[in-house]
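The structure under discussion appears below in the form of structure tokens.
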Amino acid sequence: QRWVFDQFELPSCCRILELGCGAGTLWLENLKRVPAGWEIILSDFSAGMVDEASRNLGRHAQFQFKVIDVQSIPYESESFDAVIANHMLYHVPDKSAALAEIWRVLKPAGRFYASTGGKRHLGEIASLLSKFDPELSFWGNRTDSFLLENGEVQLSEWFTGIKLARYEDALEVTDVTALVDYILSGRVDIPAERLPRFREFVAHEVEAHGGVFHITKDSGLFASVRKEKLE
């Protein structure tokens with residue numbers, strides 16, 4: 001979250017809308033770095049997430065909280081200096097409608113920041129599952145969603161000056177139980193009777209890699225500017 005915050009290029013006084021704020025962790029982890037002149041509206045499609053964000057940050061006067069569907073943002077046109085979508089656009093059913101709405105509520109030359117993952121993200125887990133059973137698939141990113149590889153094309157209809165910054169990171173996992181638990185926490189349907197065999201398989205694979213299982217973390221952030229006119 002600190003790296004994401006580092007990517008923002010915004011004036012000392014501005015109005016910001018975050019879409020898909022979750023529990024507000026972007027701001028919790030950067031609270032001391034937030035300029036006093038920023039007015040920040042934290043929103044999420046989930047009322048539960050908005051409530052949690054409010055519990056975490058509600059004592060700070062700079063923050064407001066609202067349940068919002070990004071496909072229909074309830075604010076007037078040209079209301080915000082910046083909009084942030086931190087790892088959330090790939091959840092949106094109609095991304096074109098969402099991007100049109102973000103364009104609408106941004107002021108002229110307003111900035112849009114959208115972080116997401118790439119095709120390589122957690123790829124070793126997908127390969128591990130496929131090796132165990134070719135019928136299994138991990139819950140990783142889909143090629144038709146909003147990814148590092150295709151995000152610029154989707155943004156280009158509405159935004160200009162698009163720049164992609166990649167966050168270089170990886171995991172080196174030595175704890176077999178933690179790895180198995182993480183895999184099972186995703187949308188992976190392994191019957192209970194096969195779990196002991198799966199745990200043995202993962203332990204064998206970790207051992208085969210010298211006791212350290214490498215996992216790629218492929219993520220980054222698009223920074224862009226609202227187009228003055230749409231073509």
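As shown in the structure tokens, the chain order sets the letters A, B, ...; within each chain, residues go from 1, and ligands are also counted from 1 in the order they appear.
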
At most 6 Å is the cut-off: for each residue in range 192-222 of chain A with any atom that close to an atom of range 95-119 of chain A, write down the nearest atom pair and the distance in Å rounded to one decimal, counting only C-alpha atoms, chain first then increasing number, as CSV.
residue,atom,partner,partner_atom,distance
A:Asp218,CA,A:Gly118,CA,5.3
A:Ser219,CA,A:Gly117,CA,4.1
A:Gly220,CA,A:Ser115,CA,5.6
A:Leu221,CA,A:Ser115,CA,3.9
A:Phe222,CA,A:Ala114,CA,5.2

Write to file, as a PDB file, in the first residue's frame, the residues of the selection just made, with C-alpha atoms.
ATOM      1  CA  ASP A 218       2.785  -9.863 -10.658  1.00  0.00           C
ATOM      2  CA  SER A 219       1.096  -6.549  -9.922  1.00  0.00           C
ATOM      3  CA  GLY A 220       1.315  -2.908 -10.873  1.00  0.00           C
ATOM      4  CA  LEU A 221      -0.516   0.369 -11.299  1.00  0.00           C
ATOM      5  CA  PHE A 222      -1.770   2.374 -14.260  1.00  0.00           C
TER       6      PHE A 222
END

Nearby residues (only C-alpha atoms) at most 12 Å from Gly186 in chain A, same-chain spacing under 2 positions excluded, as a list in words:
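Near neighbours after the sequence-gap exclusion: Leu122, Ile125, Ala126, Leu129, Leu136, Ser137, Phe138, Trp139, Gly140, Leu179, Val180, Asp181, Tyr182, Ile183, Leu184, Val188, Asp189 and Ile190 of chain A.
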
Would you put the residues from that selection into a file with N, CA and C atoms, as a CSV table (one decimal), in the first residue's frame?
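This is the output file out.csv:
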chain,number,residue,atom,x,y,z
A,122,LEU,N,0.8,-15.3,-9.2
A,122,LEU,CA,0.6,-16.6,-8.6
A,122,LEU,C,0.6,-17.8,-9.6
A,125,ILE,N,1.2,-21.4,-8.5
A,125,ILE,CA,0.1,-22.1,-7.8
A,125,ILE,C,-0.8,-22.8,-8.8
A,126,ALA,N,-1.1,-22.1,-9.9
A,126,ALA,CA,-1.9,-22.6,-10.9
A,126,ALA,C,-1.2,-23.9,-11.5
A,129,LEU,N,-1.4,-26.9,-9.1
A,129,LEU,CA,-2.8,-27.5,-9.1
A,129,LEU,C,-3.0,-28.3,-10.4
A,136,LEU,N,-8.3,-29.2,-12.3
A,136,LEU,CA,-8.4,-28.2,-11.3
A,136,LEU,C,-7.9,-26.8,-11.8
A,137,SER,N,-8.5,-25.7,-11.4
A,137,SER,CA,-8.0,-24.4,-11.8
A,137,SER,C,-8.0,-23.5,-10.6
A,138,PHE,N,-7.0,-22.6,-10.6
A,138,PHE,CA,-6.9,-21.7,-9.5
A,138,PHE,C,-7.7,-20.5,-9.8
A,139,TRP,N,-8.0,-19.6,-8.7
A,139,TRP,CA,-8.9,-18.5,-8.9
A,139,TRP,C,-8.2,-17.3,-9.4
A,140,GLY,N,-7.0,-17.4,-10.0
A,140,GLY,CA,-6.2,-16.3,-10.5
A,140,GLY,C,-6.9,-15.5,-11.6
A,179,LEU,N,1.0,-23.0,2.7
A,179,LEU,CA,0.8,-23.0,1.3
A,179,LEU,C,-0.5,-23.7,1.0
A,180,VAL,N,-0.7,-24.9,1.6
A,180,VAL,CA,-1.9,-25.6,1.3
A,180,VAL,C,-3.1,-24.9,1.8
A,181,ASP,N,-3.1,-24.3,3.0
A,181,ASP,CA,-4.2,-23.5,3.5
A,181,ASP,C,-4.6,-22.4,2.6
A,182,TYR,N,-3.5,-21.7,2.1
A,182,TYR,CA,-3.8,-20.6,1.2
A,182,TYR,C,-4.5,-21.0,-0.1
A,183,ILE,N,-4.0,-22.1,-0.7
A,183,ILE,CA,-4.6,-22.6,-1.9
A,183,ILE,C,-6.1,-23.0,-1.7
A,184,LEU,N,-6.3,-23.6,-0.5
A,184,LEU,CA,-7.7,-24.1,-0.3
A,184,LEU,C,-8.6,-22.9,0.1
A,188,VAL,N,-11.0,-23.3,-5.0
A,188,VAL,CA,-10.5,-24.6,-5.5
A,188,VAL,C,-11.3,-25.7,-4.9
A,189,ASP,N,-11.9,-26.5,-5.7
A,189,ASP,CA,-12.8,-27.5,-5.2
A,189,ASP,C,-12.1,-28.9,-5.2
A,190,ILE,N,-11.4,-29.2,-4.0
A,190,ILE,CA,-10.8,-30.5,-3.9
A,190,ILE,C,-11.6,-31.3,-2.9

Would you compute the distance between CA of Phe65 in chain A and CA of Leu42 in chain A? Give it in Å to one decimal.
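Separating CA of Phe65 in chain A from CA of Leu42 in chain A is a distance of 4.9 Å.
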
What is the CA of Ser77 in chain A to CA of His91 in chain A distance in Å?
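If I compute the distance from CA of Ser77 in chain A to CA of His91 in chain A, I get 23.7 Å.
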
Can you work out which one of A:Leu57, A:Ala47, A:Met88, A:Leu19 has the shortest atom-to-atom distance to Ser145 in chain A, counting only C-alpha atoms?
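Closest candidate: A:Met88.
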
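Of the residues under consideration (A:Ser43, A:Asn56, A:Asn86, A:Gln64), A:Asn86 shows the shortest atom-to-atom contact distance to Val4 in chain A when counting only C-alpha atoms.
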
Rank A:Gln1, A:Ser12, A:Thr177, A:Gln71 by their smallest atom-to-atom distance to Leu26 in chain A, using only C-alpha atoms, and report the top residue only.
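Comparing A:Gln1, A:Ser12, A:Thr177, A:Gln71 against Leu26 in chain A, the winner is A:Gln1.
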
What's around Pro35 in chain A at 12 Å? Count only C-alpha atoms, leave out sequence neighbours fewer than 6 positions away in its own chain, and write the answer as number ranges by chain.
A: 5, 8, 10-16, 27, 62

If you run DSSP on the backbone here, which positions in range 10-78 of chain A get strand (DSSP E or B)? Please write them as a ChimeraX atom specification.
/A:13-19,37-44,63-67,69,72

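Remark: for Phe63 in chain A, the closest of the candidate residues A:Asp169, A:Asp44, A:Glu76, A:Glu18 is A:Glu18 (distances computed over only C-alpha atoms).
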
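Of note, CA of Pro196 in chain A and CA of Asp175 in chain A are spaced 16.2 Å apart.
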
Give me the residues near range 204-208 of chain A as JSON, numbers by chain, where near means some atom within 12 Å (using only C-alpha atoms) and where sequence neighbours in that chain fewer than 6 positions away do not count.
{"A": [124, 125, 127, 128, 129, 131, 132, 172, 173, 174, 175, 176, 177, 178, 179, 180, 197, 198, 214, 215]}

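The set of residues in range 63-164 of chain A assigned to helix (DSSP H, G or I) by DSSP, using only backbone atoms of this structure, is A:Leu89, A:Tyr90, A:His91, A:Lys95, A:Ser96, A:Ala97, A:Ala98, A:Leu99, A:Ala100, A:Glu101, A:Ile102, A:Trp103, A:Arg104, A:Val105, A:Gly123, A:Glu124, A:Ile125, A:Ala126, A:Ser127, A:Leu128, A:Leu129, A:Ser130, A:Lys131, A:Phe132, A:Gly151, A:Glu152, A:Val153, A:Gln154, A:Leu155.
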